[in-house]
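S.K.: Input: one structure, supplied below.
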Amino acid sequence: GDVAEGAVLVPGAGLGRLAHDLAAGGRAVEAADSSVLMAVAASAFFEGRVGNDPSAPAVLYPFLSDPNSNEISAPRRLDGVLVHPAKYVPDIRLSYFVADFVTAYARPERASSFAVVTTCFFIDTAKNLYEYIAIVRHLLLPGGIWVNVGPLQWHAGAMLTPGTDELKMILEEEFEFEVKEWSVDENAVDYRYDEMEKEPRYTRYEGYRPLRFVLQKGGNKTKDDDENLLGRIMQLRKEEEEAKNQMKEEEDAEGEKLTNQNDEGGHFPDYYDSNVTIEEIE
């Protein structure tokens, strides 16, 4: 049926390896990432402009952009990582878009577009988790599948930071997903490189025990129910953005006013004035 043969979405696709491997299995796959840099690099591999020769793999330098903290050896910032794209499968149904997940996929015309949504190290990037969940449900066909793997290292500005048990309750009770599989890895997975087999790079170990789940879109919610919920969530996002913009405009206006007063020989408001003398401080 539609779910068994339908398209797959991979948001937060990065360099596109997961999306490629899924497409190589015969599915039509749509990959998306908000990073232009990731998209450019992925395009170079997919189009054979980089790493075309198996005997001369491409080299990436992922540690150059790291903050210079917890380093054991500073010169290792220049370490390269070999990428072997020789297993790239041509003539597959794979597309890649540079897009913000919320703004691009909350649109009404994207409803019921995918049989499967696959999120890998992605859901914890949400500022508003309810947006992500509502959009995934919006995108899935009836009976569609959501596959996830990754930690819950929530975004610094996240409105919600649930634990795995709380997240499961939200998915089941609020969004009526049916949980097919749910587990947290017992052993930590090294992040970006194998910490245990190579000379340690940092004084801080970087690893995760990912949450893995498989959910099926079900429940008694109708398409209109889903769209109404998504509409309310997106309206809250719009109101929040408008409030932020208004606050910024007010701050800019106040800053310009203070600058003009100073340029004209005036003085700053009373809250900048101080009648405290050195003698009083002592």
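Residues in the structure tokens are numbered from 1 in each chain, the chains being A, B, ... in the order shown, and ligands are numbered from 1 in the order shown.
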May I have the residues within 9 Å of Leu141 (chain A) as a list of chain:residue names, using only C-alpha atoms and disregarding those fewer than 3 positions away in the same chain?
M.R.: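 Non-adjacent residues within range: A:Asp2, A:Val3, A:Gly6, A:Ala111, A:Ser112, A:Ser113, A:Phe114, A:Ala115, A:Val116, A:Arg137, A:His138, A:Gly144, A:Ile145, A:Lys217.
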S.K.: Env of Asn70 (chain A): 10 Å cut, atoms = only C-alpha atoms, seq-sep filter 2 positions within chain, self excluded. Answer as a list in words.
M.R.: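 Counting only the stated atoms, we get Pro67, Asn68, Ile72, Ser73, Ala74, Arg201, Tyr202, Thr203, Arg204 and Tyr205 of chain A.
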S.K.: Export, as an mmCIF file, in the first residue's frame, the selected residues with all heavy atoms.
M.R.:
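Saved to out31.cif:
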data_model
loop_
_atom_site.group_PDB
_atom_site.id
_atom_site.type_symbol
_atom_site.label_atom_id
_atom_site.label_comp_id
_atom_site.auth_asym_id
_atom_site.auth_seq_id
_atom_site.Cartn_x
_atom_site.Cartn_y
_atom_site.Cartn_z
ATOM 1 N N PRO A 67 34.871 24.757 19.436
ATOM 2 C CA PRO A 67 35.410 25.722 20.411
ATOM 3 C C PRO A 67 36.683 25.156 21.026
ATOM 4 O O PRO A 67 36.776 23.952 21.273
ATOM 5 C CB PRO A 67 34.291 25.841 21.452
ATOM 6 C CG PRO A 67 33.493 24.582 21.312
ATOM 7 C CD PRO A 67 33.571 24.208 19.861
ATOM 8 N N ASN A 68 37.652 26.000 21.235
ATOM 9 C CA ASN A 68 38.953 25.528 21.710
ATOM 10 C C ASN A 68 38.926 25.306 23.227
ATOM 11 O O ASN A 68 39.557 26.026 23.999
ATOM 12 C CB ASN A 68 40.048 26.526 21.332
ATOM 13 C CG ASN A 68 40.139 26.706 19.832
ATOM 14 O OD1 ASN A 68 39.842 25.787 19.086
ATOM 15 N ND2 ASN A 68 40.538 27.880 19.405
ATOM 16 N N ILE A 72 43.194 18.227 24.385
ATOM 17 C CA ILE A 72 44.421 17.638 24.911
ATOM 18 C C ILE A 72 45.617 18.063 24.059
ATOM 19 O O ILE A 72 46.691 18.357 24.574
ATOM 20 C CB ILE A 72 44.304 16.104 24.963
ATOM 21 C CG1 ILE A 72 43.237 15.706 25.999
ATOM 22 C CG2 ILE A 72 45.647 15.458 25.288
ATOM 23 C CD1 ILE A 72 42.976 14.224 26.070
ATOM 24 N N SER A 73 45.408 18.134 22.751
ATOM 25 C CA SER A 73 46.490 18.498 21.840
ATOM 26 C C SER A 73 45.950 19.465 20.796
ATOM 27 O O SER A 73 45.173 19.069 19.920
ATOM 28 C CB SER A 73 47.071 17.253 21.165
ATOM 29 O OG SER A 73 48.035 17.602 20.195
ATOM 30 N N ALA A 74 46.356 20.733 20.865
ATOM 31 C CA ALA A 74 45.838 21.755 19.955
ATOM 32 C C ALA A 74 46.078 21.448 18.479
ATOM 33 O O ALA A 74 45.202 21.693 17.651
ATOM 34 C CB ALA A 74 46.432 23.115 20.322
ATOM 35 N N ARG A 201 40.927 12.767 22.401
ATOM 36 C CA ARG A 201 41.038 14.091 21.816
ATOM 37 C C ARG A 201 40.748 15.197 22.834
ATOM 38 O O ARG A 201 41.297 16.288 22.769
ATOM 39 C CB ARG A 201 40.056 14.207 20.640
ATOM 40 C CG ARG A 201 40.066 15.530 19.917
ATOM 41 C CD ARG A 201 39.126 15.497 18.728
ATOM 42 N NE ARG A 201 39.549 14.508 17.766
ATOM 43 C CZ ARG A 201 40.486 14.709 16.830
ATOM 44 N NH1 ARG A 201 41.088 15.890 16.743
ATOM 45 N NH2 ARG A 201 40.832 13.757 15.993
ATOM 46 N N TYR A 202 39.841 14.902 23.790
ATOM 47 C CA TYR A 202 39.410 15.918 24.734
ATOM 48 C C TYR A 202 39.516 15.415 26.167
ATOM 49 O O TYR A 202 39.531 14.213 26.430
ATOM 50 C CB TYR A 202 37.947 16.321 24.472
ATOM 51 C CG TYR A 202 37.691 16.848 23.089
ATOM 52 C CD1 TYR A 202 36.880 16.152 22.196
ATOM 53 C CD2 TYR A 202 38.244 18.055 22.676
ATOM 54 C CE1 TYR A 202 36.636 16.640 20.926
ATOM 55 C CE2 TYR A 202 38.007 18.552 21.412
ATOM 56 C CZ TYR A 202 37.201 17.843 20.537
ATOM 57 O OH TYR A 202 36.970 18.335 19.282
ATOM 58 N N THR A 203 39.569 16.352 27.092
ATOM 59 C CA THR A 203 39.502 15.974 28.511
ATOM 60 C C THR A 203 38.070 15.656 28.913
ATOM 61 O O THR A 203 37.827 15.134 29.999
ATOM 62 C CB THR A 203 40.015 17.127 29.395
ATOM 63 O OG1 THR A 203 39.245 18.313 29.128
ATOM 64 C CG2 THR A 203 41.483 17.404 29.123
ATOM 65 N N ARG A 204 37.117 15.966 28.041
ATOM 66 C CA ARG A 204 35.702 15.666 28.279
ATOM 67 C C ARG A 204 35.258 14.609 27.279
ATOM 68 O O ARG A 204 35.435 14.765 26.076
ATOM 69 C CB ARG A 204 34.861 16.933 28.110
ATOM 70 C CG ARG A 204 33.361 16.727 28.207
ATOM 71 C CD ARG A 204 32.654 18.090 28.051
ATOM 72 N NE ARG A 204 31.208 17.949 28.102
ATOM 73 C CZ ARG A 204 30.443 17.754 27.033
ATOM 74 N NH1 ARG A 204 31.001 17.660 25.830
ATOM 75 N NH2 ARG A 204 29.126 17.657 27.141
ATOM 76 N N TYR A 205 34.680 13.530 27.784
ATOM 77 C CA TYR A 205 34.215 12.462 26.896
ATOM 78 C C TYR A 205 32.893 12.858 26.250
ATOM 79 O O TYR A 205 31.995 13.395 26.912
ATOM 80 C CB TYR A 205 34.026 11.157 27.672
ATOM 81 C CG TYR A 205 33.350 10.073 26.870
ATOM 82 C CD1 TYR A 205 34.004 9.470 25.799
ATOM 83 C CD2 TYR A 205 32.066 9.666 27.172
ATOM 84 C CE1 TYR A 205 33.392 8.485 25.055
ATOM 85 C CE2 TYR A 205 31.433 8.685 26.442
ATOM 86 C CZ TYR A 205 32.108 8.092 25.379
ATOM 87 O OH TYR A 205 31.477 7.118 24.634
#
S.K.: Pick out the closest residue to Ile133 (chain A) from this set: A:Pro210, A:Leu215, A:Arg192, A:Val59. Count only C-alpha atoms.
M.R.: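 Once distances to Ile133 (chain A) are computed over only C-alpha atoms, the minimum belongs to A:Leu215.
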S.K.: Give me the residues near Arg17 (chain A) as a PyMOL selection string, where near means some atom within 12 Å (using only C-alpha atoms) and where sequence neighbours in that chain fewer than 2 positions away do not count.
M.R.: chain A and resi 10+12-15+19-24+29+31+38-39+41-43+45-46+83-85+87-89+94+96+120
S.K.: When DSSP works through the backbone of this structure, what residues of region 55-177 of chain A end up as alpha helix (DSSP H), shown as a short mmCIF file (atom, residue, chain, number, x, y, z; two decimals) with N, CA and C atoms, in the first residue's frame?
M.R.:
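part26.cif written:
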data_model
loop_
_atom_site.label_atom_id
_atom_site.label_comp_id
_atom_site.auth_asym_id
_atom_site.auth_seq_id
_atom_site.Cartn_x
_atom_site.Cartn_y
_atom_site.Cartn_z
N PHE A 101 12.92 23.09 9.07
CA PHE A 101 11.93 22.02 9.20
C PHE A 101 10.54 22.59 9.49
N VAL A 102 10.45 23.52 10.42
CA VAL A 102 9.14 24.02 10.84
C VAL A 102 8.48 24.82 9.73
N THR A 103 9.17 25.81 9.18
CA THR A 103 8.55 26.69 8.19
C THR A 103 8.28 25.96 6.87
N ALA A 104 9.12 25.02 6.49
CA ALA A 104 8.96 24.35 5.20
C ALA A 104 7.92 23.24 5.24
N TYR A 105 7.83 22.52 6.36
CA TYR A 105 7.01 21.32 6.36
C TYR A 105 5.69 21.47 7.12
N LEU A 129 9.10 21.51 21.20
CA LEU A 129 8.97 20.11 20.82
C LEU A 129 7.61 19.81 20.20
N TYR A 130 6.57 20.48 20.69
CA TYR A 130 5.23 20.25 20.15
C TYR A 130 5.16 20.59 18.66
N GLU A 131 5.92 21.58 18.22
CA GLU A 131 5.97 21.89 16.79
C GLU A 131 6.47 20.69 16.00
N TYR A 132 7.60 20.14 16.42
CA TYR A 132 8.19 19.01 15.70
C TYR A 132 7.22 17.83 15.63
N ILE A 133 6.63 17.49 16.77
CA ILE A 133 5.75 16.32 16.82
C ILE A 133 4.51 16.55 15.95
N ALA A 134 3.92 17.73 16.06
CA ALA A 134 2.73 18.02 15.27
C ALA A 134 3.03 18.00 13.79
N ILE A 135 4.20 18.49 13.40
CA ILE A 135 4.56 18.51 11.99
C ILE A 135 4.83 17.10 11.47
N VAL A 136 5.49 16.26 12.26
CA VAL A 136 5.70 14.87 11.84
C VAL A 136 4.35 14.18 11.61
N ARG A 137 3.43 14.36 12.54
CA ARG A 137 2.10 13.76 12.36
C ARG A 137 1.41 14.32 11.13
N HIS A 138 1.54 15.61 10.91
CA HIS A 138 0.98 16.29 9.74
C HIS A 138 1.53 15.69 8.44
N LEU A 139 2.80 15.35 8.44
CA LEU A 139 3.46 14.86 7.22
C LEU A 139 3.14 13.42 6.90
N THR A 164 12.72 10.78 28.77
CA THR A 164 12.20 9.80 27.82
C THR A 164 10.82 9.31 28.21
N ASP A 165 10.56 9.14 29.51
CA ASP A 165 9.24 8.68 29.93
C ASP A 165 8.17 9.74 29.67
N GLU A 166 8.51 11.00 29.92
CA GLU A 166 7.56 12.08 29.67
C GLU A 166 7.31 12.24 28.17
N LEU A 167 8.36 12.11 27.37
CA LEU A 167 8.20 12.20 25.93
C LEU A 167 7.27 11.10 25.41
N LYS A 168 7.44 9.92 25.92
CA LYS A 168 6.58 8.80 25.51
C LYS A 168 5.12 9.09 25.83
N MET A 169 4.88 9.66 27.00
CA MET A 169 3.51 9.99 27.39
C MET A 169 2.93 11.05 26.45
#
S.K.: Quick one: pull the distance between CA of Ser35 (chain A) and CA of His155 (chain A), Å, one decimal.
M.R.: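 Between these atoms lies a distance of 16.3 Å.
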S.K.: Mind checking which residues fall within 10 Å of Gly219 (chain A), counting only C-alpha atoms, ignoring those fewer than 6 positions away in the same chain, and posting them as a VMD selection string?
M.R.: chain A and resid 142 to 143 172 to 173 175 to 178
S.K.: Would you kindly return, as a PyMOL selection string, each protein, DNA or RNA residue with an atom no farther than 8 Å from any atom of Asp124 (chain A), considering only C-alpha atoms and excluding same-chain residues fewer than 2 positions away?
M.R.: chain A and resi 121-122+126+129+151-155
S.K.: Please write the residues from the selection above to a file, keeping N, CA and C atoms, as an mmCIF file, in the first residue's frame.
M.R.:
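File produced: part25.cif:
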data_model
loop_
_atom_site.group_PDB
_atom_site.id
_atom_site.type_symbol
_atom_site.label_atom_id
_atom_site.label_comp_id
_atom_site.auth_asym_id
_atom_site.auth_seq_id
_atom_site.Cartn_x
_atom_site.Cartn_y
_atom_site.Cartn_z
ATOM 1 N N PHE A 121 19.391 12.006 15.502
ATOM 2 C CA PHE A 121 20.045 13.088 16.241
ATOM 3 C C PHE A 121 19.418 14.429 15.837
ATOM 4 N N PHE A 122 18.102 14.491 15.928
ATOM 5 C CA PHE A 122 17.378 15.654 15.406
ATOM 6 C C PHE A 122 16.362 16.235 16.363
ATOM 7 N N ALA A 126 14.770 20.936 18.748
ATOM 8 C CA ALA A 126 13.525 21.705 18.763
ATOM 9 C C ALA A 126 13.526 22.757 19.865
ATOM 10 N N LEU A 129 9.104 21.508 21.198
ATOM 11 C CA LEU A 129 8.967 20.106 20.822
ATOM 12 C C LEU A 129 7.608 19.812 20.200
ATOM 13 N N PRO A 151 19.893 11.388 21.084
ATOM 14 C CA PRO A 151 19.800 11.773 22.487
ATOM 15 C C PRO A 151 18.708 12.807 22.713
ATOM 16 N N LEU A 152 18.508 13.153 23.968
ATOM 17 C CA LEU A 152 17.599 14.236 24.340
ATOM 18 C C LEU A 152 18.407 15.372 24.965
ATOM 19 N N GLN A 153 19.388 15.826 24.232
ATOM 20 C CA GLN A 153 20.191 16.967 24.675
ATOM 21 C C GLN A 153 19.520 18.228 24.132
ATOM 22 N N TRP A 154 18.493 18.659 24.834
ATOM 23 C CA TRP A 154 17.603 19.682 24.315
ATOM 24 C C TRP A 154 18.316 20.991 24.006
ATOM 25 N N HIS A 155 17.814 21.670 22.995
ATOM 26 C CA HIS A 155 18.298 22.988 22.586
ATOM 27 C C HIS A 155 18.342 23.922 23.800
#
S.K.: Just list the residues in region 127-265 of chain A DSSP gives strand (DSSP E or B) on the backbone, as a ChimeraX atom specification.
M.R.: /A:140-150,177-184,189-190,202,207-208,211-217
S.K.: Take the residues from that selection and write them out as a short mmCIF file (atom, residue, chain, number, x, y, z; two decimals), in the first residue's frame, keeping C-alpha atoms.
M.R.:
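Here's the written file part_39.cif:
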data_model
loop_
_atom_site.label_atom_id
_atom_site.label_comp_id
_atom_site.auth_asym_id
_atom_site.auth_seq_id
_atom_site.Cartn_x
_atom_site.Cartn_y
_atom_site.Cartn_z
CA LEU A 140 2.71 11.18 7.72
CA LEU A 141 0.14 9.19 5.81
CA PRO A 142 -2.47 7.38 7.93
CA GLY A 143 -0.62 4.43 9.42
CA GLY A 144 2.71 6.06 8.60
CA ILE A 145 5.85 5.30 10.58
CA TRP A 146 8.18 7.58 12.56
CA VAL A 147 11.64 6.12 13.22
CA ASN A 148 13.97 7.95 15.61
CA VAL A 149 17.44 7.54 17.07
CA GLY A 150 19.30 10.14 19.10
CA PHE A 177 1.00 7.69 18.21
CA GLU A 178 1.15 3.95 18.73
CA VAL A 179 4.49 2.89 20.16
CA LYS A 180 5.89 -0.11 18.32
CA GLU A 181 9.42 -0.01 19.77
CA TRP A 182 10.97 2.09 22.54
CA SER A 183 14.40 1.71 24.12
CA VAL A 184 17.45 3.58 25.38
CA VAL A 189 27.71 5.65 21.50
CA ASP A 190 30.76 7.75 20.68
CA TYR A 202 39.41 15.92 24.73
CA GLY A 207 29.08 10.12 23.94
CA TYR A 208 25.36 9.40 24.14
CA LEU A 211 16.69 6.96 22.51
CA ARG A 212 15.38 4.68 19.79
CA PHE A 213 11.72 4.43 18.90
CA VAL A 214 9.36 3.33 16.16
CA LEU A 215 5.91 4.92 16.20
CA GLN A 216 2.86 4.51 14.00
CA LYS A 217 0.41 7.28 13.26
#
S.K.: Skipping near chain neighbours, those fewer than 4 positions away, what residues fall within 8 Å of Glu227 (chain A) using only C-alpha atoms, listed as a VMD selection string?
M.R.: chain A and resid 108 138 223 231
S.K.: Which one of A:Gly218, A:Glu186, A:Val98, A:Asp66 sits closest to Leu171 (chain A) if you count only C-alpha atoms?
M.R.: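 So, comparing all the options, the nearest one is A:Gly218.
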